[in-house]
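upload_21.cif follows; it contains mmCIF, C-alpha atoms and all ligand atoms.
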```cif
data_model
loop_
_atom_site.label_atom_id
_atom_site.label_comp_id
_atom_site.auth_asym_id
_atom_site.auth_seq_id
_atom_site.Cartn_x
_atom_site.Cartn_y
_atom_site.Cartn_z
CA MET D 1 79.58 -163.58 74.22
CA ARG D 2 80.94 -166.30 71.94
CA ILE D 3 83.93 -168.48 72.73
CA ARG D 4 85.98 -168.68 69.55
CA ALA D 5 89.00 -170.94 69.21
CA ARG D 6 91.40 -169.79 66.53
CA LEU D 7 94.32 -172.00 65.64
CA SER D 8 96.98 -172.12 62.97
CA MET D 9 97.79 -175.52 61.52
CA SER D 10 100.06 -177.01 58.88
CA ALA D 11 98.53 -178.37 55.68
CA ASP D 12 99.22 -181.88 57.04
CA GLY D 13 97.19 -181.18 60.18
CA TYR D 14 99.62 -180.24 62.96
CA VAL D 15 98.87 -177.33 65.32
CA THR D 16 102.45 -177.28 66.60
CA THR D 17 105.81 -177.51 64.92
CA PRO D 18 107.71 -180.76 65.60
CA ASN D 19 109.37 -179.03 68.60
CA GLY D 20 106.14 -177.73 70.12
CA TRP D 21 105.78 -174.11 68.98
CA PRO D 22 102.46 -172.82 67.59
CA ALA D 23 102.28 -173.67 63.88
CA LEU D 24 102.15 -169.99 62.87
CA THR D 25 105.65 -169.33 64.17
CA ALA D 26 107.11 -171.50 61.37
CA ASP D 27 105.51 -169.44 58.61
CA PRO D 28 107.92 -167.02 56.89
CA ALA D 29 104.91 -164.72 56.24
CA PHE D 30 104.31 -164.47 60.02
CA VAL D 31 107.98 -163.82 60.74
CA SER D 32 107.91 -160.95 58.24
CA GLY D 33 104.87 -159.36 59.93
CA GLU D 34 101.76 -160.84 58.25
CA SER D 35 99.04 -161.09 60.91
CA HIS D 36 96.98 -163.92 59.28
CA GLY D 37 93.73 -162.06 60.01
CA ILE D 38 94.26 -161.90 63.78
CA ARG D 39 93.71 -158.11 63.98
CA GLU D 40 90.23 -158.36 62.40
CA PHE D 41 89.48 -161.36 64.62
CA LEU D 42 90.49 -159.53 67.79
CA ALA D 43 88.33 -156.52 66.94
CA ASP D 44 85.32 -158.46 68.33
CA CYS D 45 87.15 -159.94 71.34
CA GLU D 46 87.47 -158.60 74.88
CA ALA D 47 89.16 -161.59 76.52
CA ALA D 48 91.74 -164.30 75.87
CA LEU D 49 91.40 -167.77 77.38
CA MET D 50 94.12 -170.43 77.31
CA GLY D 51 95.69 -173.41 79.04
CA ARG D 52 98.70 -173.02 81.29
CA THR D 53 101.03 -174.67 78.75
CA THR D 54 100.13 -172.11 76.11
CA PHE D 55 100.25 -169.22 78.59
CA GLU D 56 103.60 -169.84 80.28
CA PRO D 57 105.93 -168.96 77.35
CA ALA D 58 104.27 -165.50 77.17
CA LEU D 59 105.78 -164.67 80.57
CA ASN D 60 109.20 -164.53 78.88
CA ASN D 61 108.06 -162.38 75.94
CA THR D 62 109.48 -158.89 75.68
CA ARG D 63 106.01 -157.73 74.53
CA TRP D 64 102.80 -158.74 76.41
CA PRO D 65 100.75 -160.60 73.74
CA TRP D 66 97.27 -159.56 74.93
CA PRO D 67 97.53 -155.82 75.74
CA ASP D 68 93.84 -155.02 75.16
CA LEU D 69 92.25 -158.20 76.50
CA ASP D 70 91.27 -159.63 79.86
CA VAL D 71 93.29 -162.83 80.24
CA PHE D 72 92.01 -166.11 81.76
CA VAL D 73 94.24 -169.16 82.28
CA LEU D 74 93.23 -172.73 83.12
CA GLY D 75 95.87 -174.52 85.20
CA SER D 76 96.53 -176.26 88.50
CA HIS D 77 98.78 -173.45 89.72
CA ARG D 78 99.43 -169.78 89.04
CA PRO D 79 102.76 -169.61 87.17
CA GLU D 80 105.42 -167.50 88.84
CA GLY D 81 105.53 -163.99 87.38
CA THR D 82 101.87 -163.98 86.27
CA PRO D 83 100.67 -160.34 86.21
CA ASP D 84 98.02 -159.46 88.81
CA HIS D 85 95.33 -158.71 86.22
CA VAL D 86 95.41 -162.30 84.86
CA THR D 87 92.71 -164.62 86.25
CA THR D 88 93.78 -168.24 86.83
CA ASP D 89 91.74 -171.21 88.00
CA SER D 90 92.22 -174.97 88.17
CA ASP D 91 88.54 -175.71 87.56
CA PRO D 92 87.20 -175.09 84.03
CA VAL D 93 83.59 -174.67 85.20
CA ARG D 94 84.60 -172.05 87.77
CA LEU D 95 86.81 -170.29 85.23
CA LEU D 96 83.90 -170.19 82.76
CA GLU D 97 81.72 -168.59 85.45
CA LYS D 98 84.40 -165.93 86.03
CA ILE D 99 84.63 -165.26 82.28
CA ARG D 100 80.86 -164.89 82.02
CA ALA D 101 80.72 -162.63 85.11
CA ALA D 102 83.39 -160.32 83.64
CA ASN D 103 81.90 -160.26 80.14
CA LYS D 104 80.64 -157.00 78.71
CA GLY D 105 79.28 -158.50 75.47
CA GLY D 106 82.48 -159.09 73.47
CA ASP D 107 83.83 -162.43 72.30
CA VAL D 108 86.43 -164.62 74.00
CA HIS D 109 89.48 -165.71 72.03
CA LEU D 110 90.18 -169.30 73.05
CA VAL D 111 93.88 -169.34 72.17
CA GLY D 112 94.45 -173.05 72.86
CA GLY D 113 96.04 -175.44 73.16
CA PRO D 114 94.19 -178.60 72.12
CA ARG D 115 93.57 -179.82 75.70
CA THR D 116 91.95 -176.56 76.74
CA ILE D 117 89.87 -176.39 73.56
CA GLY D 118 88.76 -179.98 74.23
CA THR D 119 87.91 -179.09 77.82
CA PHE D 120 85.66 -176.17 76.92
CA HIS D 121 84.06 -178.09 74.06
CA ALA D 122 83.22 -180.91 76.50
CA LEU D 123 81.45 -178.28 78.65
CA GLY D 124 79.38 -177.21 75.63
CA ALA D 125 81.08 -173.80 75.66
CA LEU D 126 82.95 -173.82 72.32
CA ASP D 127 80.99 -171.72 69.81
CA ARG D 128 83.44 -171.36 66.92
CA LEU D 129 86.47 -173.20 65.62
CA GLU D 130 88.52 -171.00 63.31
CA LEU D 131 91.45 -172.62 61.52
CA VAL D 132 94.23 -170.89 59.63
CA VAL D 133 95.74 -173.53 57.37
CA LEU D 134 99.32 -172.62 56.49
CA PRO D 135 101.01 -173.53 53.19
CA LEU D 136 103.50 -175.74 55.07
CA LEU D 137 103.98 -179.45 55.80
CA PHE D 138 105.52 -180.41 59.18
CA GLY D 139 105.54 -184.21 59.14
CA ALA D 140 105.28 -184.24 62.96
CA GLY D 141 103.93 -182.21 65.88
CA THR D 142 100.72 -182.10 67.96
CA ARG D 143 97.29 -182.55 66.43
CA LEU D 144 94.05 -180.91 67.55
CA THR D 145 92.49 -184.33 68.08
CA PRO D 146 92.07 -186.42 70.17
CA ALA D 147 92.22 -183.60 72.77
CA LEU D 148 89.26 -182.10 70.89
CA ASP D 149 86.72 -184.90 70.38
CA ALA D 150 87.07 -186.06 66.76
CA ASP D 151 83.28 -186.45 66.70
CA THR D 152 82.75 -182.69 67.14
CA GLY D 153 80.01 -181.44 64.82
CA LEU D 154 81.27 -178.64 62.55
CA THR D 155 79.09 -176.40 60.41
CA PHE D 156 80.91 -174.41 57.75
CA ARG D 157 80.54 -170.62 58.12
CA SER D 158 83.14 -168.92 55.95
CA GLN D 159 86.49 -169.16 54.26
CA ARG D 160 88.96 -166.60 53.04
CA ALA D 161 92.40 -166.59 51.45
CA LEU D 162 95.01 -164.69 53.48
CA PRO D 163 98.19 -163.01 52.26
CA GLY D 164 101.14 -165.39 52.25
CA GLY D 165 99.17 -168.41 50.99
CA SER D 166 97.21 -169.33 54.16
CA VAL D 167 93.47 -170.04 54.19
CA GLU D 168 91.09 -169.20 57.05
CA ILE D 169 88.18 -171.60 57.58
CA VAL D 170 85.48 -170.83 60.17
CA TYR D 171 83.11 -173.46 61.59
CA SER D 172 80.44 -173.21 64.24
CA CYS D 173 80.60 -176.08 66.71
CA GLU D 174 77.89 -178.32 68.00
CA GLY D 175 78.25 -181.18 70.48
CA SER D 176 78.93 -184.59 69.03
CA ARG D 177 78.16 -185.25 65.33
CA ALA D 178 76.18 -188.27 66.49
CA ASP D 179 73.79 -185.92 68.34
CA LEU D 180 72.92 -183.77 65.32
CA PRO D 181 69.24 -184.03 64.30
CA GLY D 182 68.57 -185.86 61.06
CA ARG D 183 71.98 -187.52 60.97
CA PRO D 184 71.49 -191.13 59.76
CA ALA D 185 72.83 -193.82 62.09
CA SER D 186 75.05 -195.07 59.24
CA GLN D 187 76.99 -191.78 59.33
CA ARG D 188 77.45 -191.61 63.10
N1 LIG I 1 98.57 -173.61 66.49
C1 LIG I 1 98.12 -172.71 67.33
O1 LIG I 1 97.52 -171.71 66.92
C2 LIG I 1 98.34 -172.92 68.82
C3 LIG I 1 97.66 -172.10 69.73
C4 LIG I 1 97.88 -172.31 71.09
C5 LIG I 1 98.74 -173.32 71.52
N2 LIG I 1 99.39 -174.08 70.62
C6 LIG I 1 100.32 -175.15 71.05
O2 LIG I 1 99.61 -176.07 71.84
C7 LIG I 1 100.54 -176.70 72.74
C8 LIG I 1 99.91 -176.75 74.12
O3 LIG I 1 98.67 -177.41 74.04
P1 LIG I 1 98.19 -178.40 75.18
O4 LIG I 1 96.87 -178.93 74.76
O5 LIG I 1 99.29 -179.36 75.47
O6 LIG I 1 98.12 -177.47 76.46
P2 LIG I 1 97.16 -176.24 76.90
O7 LIG I 1 95.74 -176.55 76.54
O8 LIG I 1 97.74 -174.96 76.46
O9 LIG I 1 97.35 -176.32 78.49
C9 LIG I 1 97.13 -177.55 79.13
C10 LIG I 1 96.98 -177.28 80.61
O10 LIG I 1 95.76 -176.60 80.86
C11 LIG I 1 95.18 -177.10 82.06
N3 LIG I 1 93.95 -177.85 81.70
C12 LIG I 1 93.51 -178.19 80.47
N4 LIG I 1 92.32 -178.86 80.57
C13 LIG I 1 92.04 -178.93 81.90
C14 LIG I 1 90.97 -179.49 82.66
N5 LIG I 1 89.95 -180.14 82.08
N6 LIG I 1 90.99 -179.36 84.01
C15 LIG I 1 92.00 -178.72 84.62
N7 LIG I 1 93.06 -178.16 83.96
C16 LIG I 1 93.07 -178.28 82.62
C17 LIG I 1 96.22 -178.05 82.67
O11 LIG I 1 97.09 -177.25 83.45
P3 LIG I 1 97.97 -177.88 84.68
O12 LIG I 1 99.01 -178.74 84.05
O13 LIG I 1 98.53 -176.69 85.38
O14 LIG I 1 97.01 -178.65 85.52
C18 LIG I 1 96.92 -178.55 81.42
O15 LIG I 1 98.20 -179.09 81.66
C19 LIG I 1 101.81 -175.89 72.74
O16 LIG I 1 102.81 -176.62 72.06
C20 LIG I 1 101.43 -174.63 71.95
O17 LIG I 1 102.53 -174.18 71.19
C21 LIG I 1 99.18 -173.92 69.27
#
```
Is it possible to give me this structure as structure tokens?
Amino acid sequence: MRIRARLSMSADGYVTTPNGWPALTADPAFVSGESHGIREFLADCEAALMGRTTFEPALNNTRWPWPDLDVFVLGSHRPEGTPDHVTTDSDPVRLLEKIRAANKGGDVHLVGGPRTIGTFHALGALDRLELVVLPLLFGAGTRLTPALDADTGLTFRSQRALPGGSVEIVYSCEGSRADLPGRPASQR
């Protein structure tokens, strides 16, 4: 099981639009049905993990966004209307234990947002950071850092151009860059 965060972001580095929606929702290519590689990504996933803030809007969707995945939500309370099959917990360590106990070998899609990605990275549980950089500038919005430690060590794995002008970049994640072996003190 790998925990893989996948986030869309504007070319000027915002993971939300100025009014707080996931960056992808502003892309005309997404609105007209382009999936930005999510179908291939989900082929290896059996669960979705997210923070309460990211989860709550899905309760008002006409279509359940994670039909084929077990869903795990980190939050201090269980939002009203949460379907019975969704697992919620206020403690990230306990939630991680539940995810591991339920796992049958597939990956976990860490949907976001930044606080929840930062939380699981701090626990040493973030394996991959996958970014879809959109051909858009927002000028304002929420950034991935500082919720995710800006000192996170990233190792490049792959890149690919997606239809509609977006680019997917995949990194594997280590702890802090300062901890990486062979890294000179001057670069820490
Ligand atoms: N660009 C993208 O692809 C993408 C993807 C997903 C989300 N987003 C955007 O990200 C924004 C939300 O991000 P966010 O970082 O503010 O919120 P979030 O990570 O979705 O949820 C934050 C909530 O998760 C719980 N939580 C997080 N860390 C915790 C910890 N260490 N211990 C206990 N509970 C913890 C808390 O719930 P309680 O408040 O209940 O305690 C916290 O308020 C939204 O605007 C969404 O649109 C963008």
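Pocket residues of ligand LIG 1 (chain I), taken as those with any atom at most 6 Å away using only C-alpha atoms and all ligand atoms, are Leu7, Ser8, Met9, Val15, Thr16, Gly20, Trp21, Pro22, Ala23, Met50, Gly51, Arg52, Thr53, Thr54, Leu74, Gly75, Ser76, His77, Ser90, Asp91, Pro92, Val111, Gly112, Gly113, Pro114, Arg115, Thr116 and Thr119 of chain D.
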- [ ] Name the residues within 7 Å of (103.9, -165.4, 53.9), counting all atoms listed in the file in the file's coordinates, and put them as JSON, numbers by chain.
- [x] {"D": [27, 28, 29, 30, 34, 163, 164, 165]}
TODO: For Ser10 in chain D, work out the shell of residues within 9 Å, counting all atoms listed in the file and skipping chain neighbours fewer than 5 positions away, then give it as number ranges by chain.
DONE: D: 15-17, 23-24, 132-138
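Across the structure, CA of Glu80 in chain D and CA of Pro65 in chain D are spaced 17.2 Å apart.
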Residue completion, range 8-33 of chain D, N, CA and C atoms, as a PDB file, in the coordinates of the input:
```pdb
ATOM      1  N   SER D   8      96.261-171.884  64.222  1.00  0.00           N
ATOM      2  CA  SER D   8      96.980-172.120  62.970  1.00  0.00           C
ATOM      3  C   SER D   8      97.336-173.605  62.901  1.00  0.00           C
ATOM      4  N   MET D   9      97.381-174.131  61.688  1.00  0.00           N
ATOM      5  CA  MET D   9      97.790-175.520  61.520  1.00  0.00           C
ATOM      6  C   MET D   9      98.486-175.716  60.185  1.00  0.00           C
ATOM      7  N   SER D  10      99.377-176.714  60.139  1.00  0.00           N
ATOM      8  CA  SER D  10     100.060-177.010  58.880  1.00  0.00           C
ATOM      9  C   SER D  10      99.075-177.690  57.930  1.00  0.00           C
ATOM     10  N   ALA D  11      99.419-177.733  56.658  1.00  0.00           N
ATOM     11  CA  ALA D  11      98.530-178.370  55.680  1.00  0.00           C
ATOM     12  C   ALA D  11      98.424-179.874  55.925  1.00  0.00           C
ATOM     13  N   ASP D  12      99.356-180.468  56.672  1.00  0.00           N
ATOM     14  CA  ASP D  12      99.220-181.880  57.040  1.00  0.00           C
ATOM     15  C   ASP D  12      98.683-182.049  58.459  1.00  0.00           C
ATOM     16  N   GLY D  13      98.050-181.000  59.012  1.00  0.00           N
ATOM     17  CA  GLY D  13      97.190-181.180  60.180  1.00  0.00           C
ATOM     18  C   GLY D  13      97.829-181.046  61.546  1.00  0.00           C
ATOM     19  N   TYR D  14      98.996-180.406  61.643  1.00  0.00           N
ATOM     20  CA  TYR D  14      99.620-180.240  62.960  1.00  0.00           C
ATOM     21  C   TYR D  14      99.446-178.813  63.466  1.00  0.00           C
ATOM     22  N   VAL D  15      99.044-178.671  64.751  1.00  0.00           N
ATOM     23  CA  VAL D  15      98.870-177.330  65.320  1.00  0.00           C
ATOM     24  C   VAL D  15     100.127-176.844  66.021  1.00  0.00           C
ATOM     25  N   THR D  16     101.128-177.720  66.132  1.00  0.00           N
ATOM     26  CA  THR D  16     102.450-177.280  66.600  1.00  0.00           C
ATOM     27  C   THR D  16     103.506-177.746  65.618  1.00  0.00           C
ATOM     28  N   THR D  17     104.639-177.042  65.658  1.00  0.00           N
ATOM     29  CA  THR D  17     105.810-177.510  64.920  1.00  0.00           C
ATOM     30  C   THR D  17     106.304-178.798  65.596  1.00  0.00           C
ATOM     31  N   PRO D  18     107.211-179.534  64.954  1.00  0.00           N
ATOM     32  CA  PRO D  18     107.710-180.760  65.600  1.00  0.00           C
ATOM     33  C   PRO D  18     108.302-180.497  66.981  1.00  0.00           C
ATOM     34  N   ASN D  19     108.832-179.281  67.243  1.00  0.00           N
ATOM     35  CA  ASN D  19     109.370-179.030  68.600  1.00  0.00           C
ATOM     36  C   ASN D  19     108.435-178.211  69.479  1.00  0.00           C
ATOM     37  N   GLY D  20     107.143-178.178  69.153  1.00  0.00           N
ATOM     38  CA  GLY D  20     106.140-177.730  70.120  1.00  0.00           C
ATOM     39  C   GLY D  20     105.733-176.264  70.068  1.00  0.00           C
ATOM     40  N   TRP D  21     106.199-175.509  69.067  1.00  0.00           N
ATOM     41  CA  TRP D  21     105.780-174.110  68.980  1.00  0.00           C
ATOM     42  C   TRP D  21     104.496-174.008  68.153  1.00  0.00           C
ATOM     43  N   PRO D  22     103.661-172.974  68.404  1.00  0.00           N
ATOM     44  CA  PRO D  22     102.460-172.820  67.590  1.00  0.00           C
ATOM     45  C   PRO D  22     102.814-172.823  66.100  1.00  0.00           C
ATOM     46  N   ALA D  23     101.983-173.467  65.298  1.00  0.00           N
ATOM     47  CA  ALA D  23     102.280-173.670  63.880  1.00  0.00           C
ATOM     48  C   ALA D  23     102.653-172.365  63.167  1.00  0.00           C
ATOM     49  N   LEU D  24     101.949-171.295  63.511  1.00  0.00           N
ATOM     50  CA  LEU D  24     102.150-169.990  62.870  1.00  0.00           C
ATOM     51  C   LEU D  24     103.605-169.522  62.905  1.00  0.00           C
ATOM     52  N   THR D  25     104.299-169.861  63.989  1.00  0.00           N
ATOM     53  CA  THR D  25     105.650-169.330  64.170  1.00  0.00           C
ATOM     54  C   THR D  25     106.624-169.857  63.114  1.00  0.00           C
ATOM     55  N   ALA D  26     106.225-170.939  62.405  1.00  0.00           N
ATOM     56  CA  ALA D  26     107.110-171.500  61.370  1.00  0.00           C
ATOM     57  C   ALA D  26     106.879-170.861  60.012  1.00  0.00           C
ATOM     58  N   ASP D  27     105.867-169.989  59.919  1.00  0.00           N
ATOM     59  CA  ASP D  27     105.510-169.440  58.610  1.00  0.00           C
ATOM     60  C   ASP D  27     106.347-168.191  58.309  1.00  0.00           C
ATOM     61  N   PRO D  28     107.113-168.205  57.217  1.00  0.00           N
ATOM     62  CA  PRO D  28     107.920-167.020  56.890  1.00  0.00           C
ATOM     63  C   PRO D  28     107.059-165.760  56.785  1.00  0.00           C
ATOM     64  N   ALA D  29     105.792-165.890  56.353  1.00  0.00           N
ATOM     65  CA  ALA D  29     104.910-164.720  56.240  1.00  0.00           C
ATOM     66  C   ALA D  29     104.648-164.116  57.622  1.00  0.00           C
ATOM     67  N   PHE D  30     104.527-164.957  58.648  1.00  0.00           N
ATOM     68  CA  PHE D  30     104.310-164.470  60.020  1.00  0.00           C
ATOM     69  C   PHE D  30     105.571-163.774  60.532  1.00  0.00           C
ATOM     70  N   VAL D  31     106.711-164.389  60.274  1.00  0.00           N
ATOM     71  CA  VAL D  31     107.980-163.820  60.740  1.00  0.00           C
ATOM     72  C   VAL D  31     108.198-162.435  60.120  1.00  0.00           C
ATOM     73  N   SER D  32     107.716-162.254  58.873  1.00  0.00           N
ATOM     74  CA  SER D  32     107.910-160.950  58.240  1.00  0.00           C
ATOM     75  C   SER D  32     106.745-159.990  58.504  1.00  0.00           C
ATOM     76  N   GLY D  33     105.850-160.328  59.449  1.00  0.00           N
ATOM     77  CA  GLY D  33     104.870-159.360  59.930  1.00  0.00           C
ATOM     78  C   GLY D  33     103.430-159.559  59.485  1.00  0.00           C
TER      79      GLY D  33
END
```
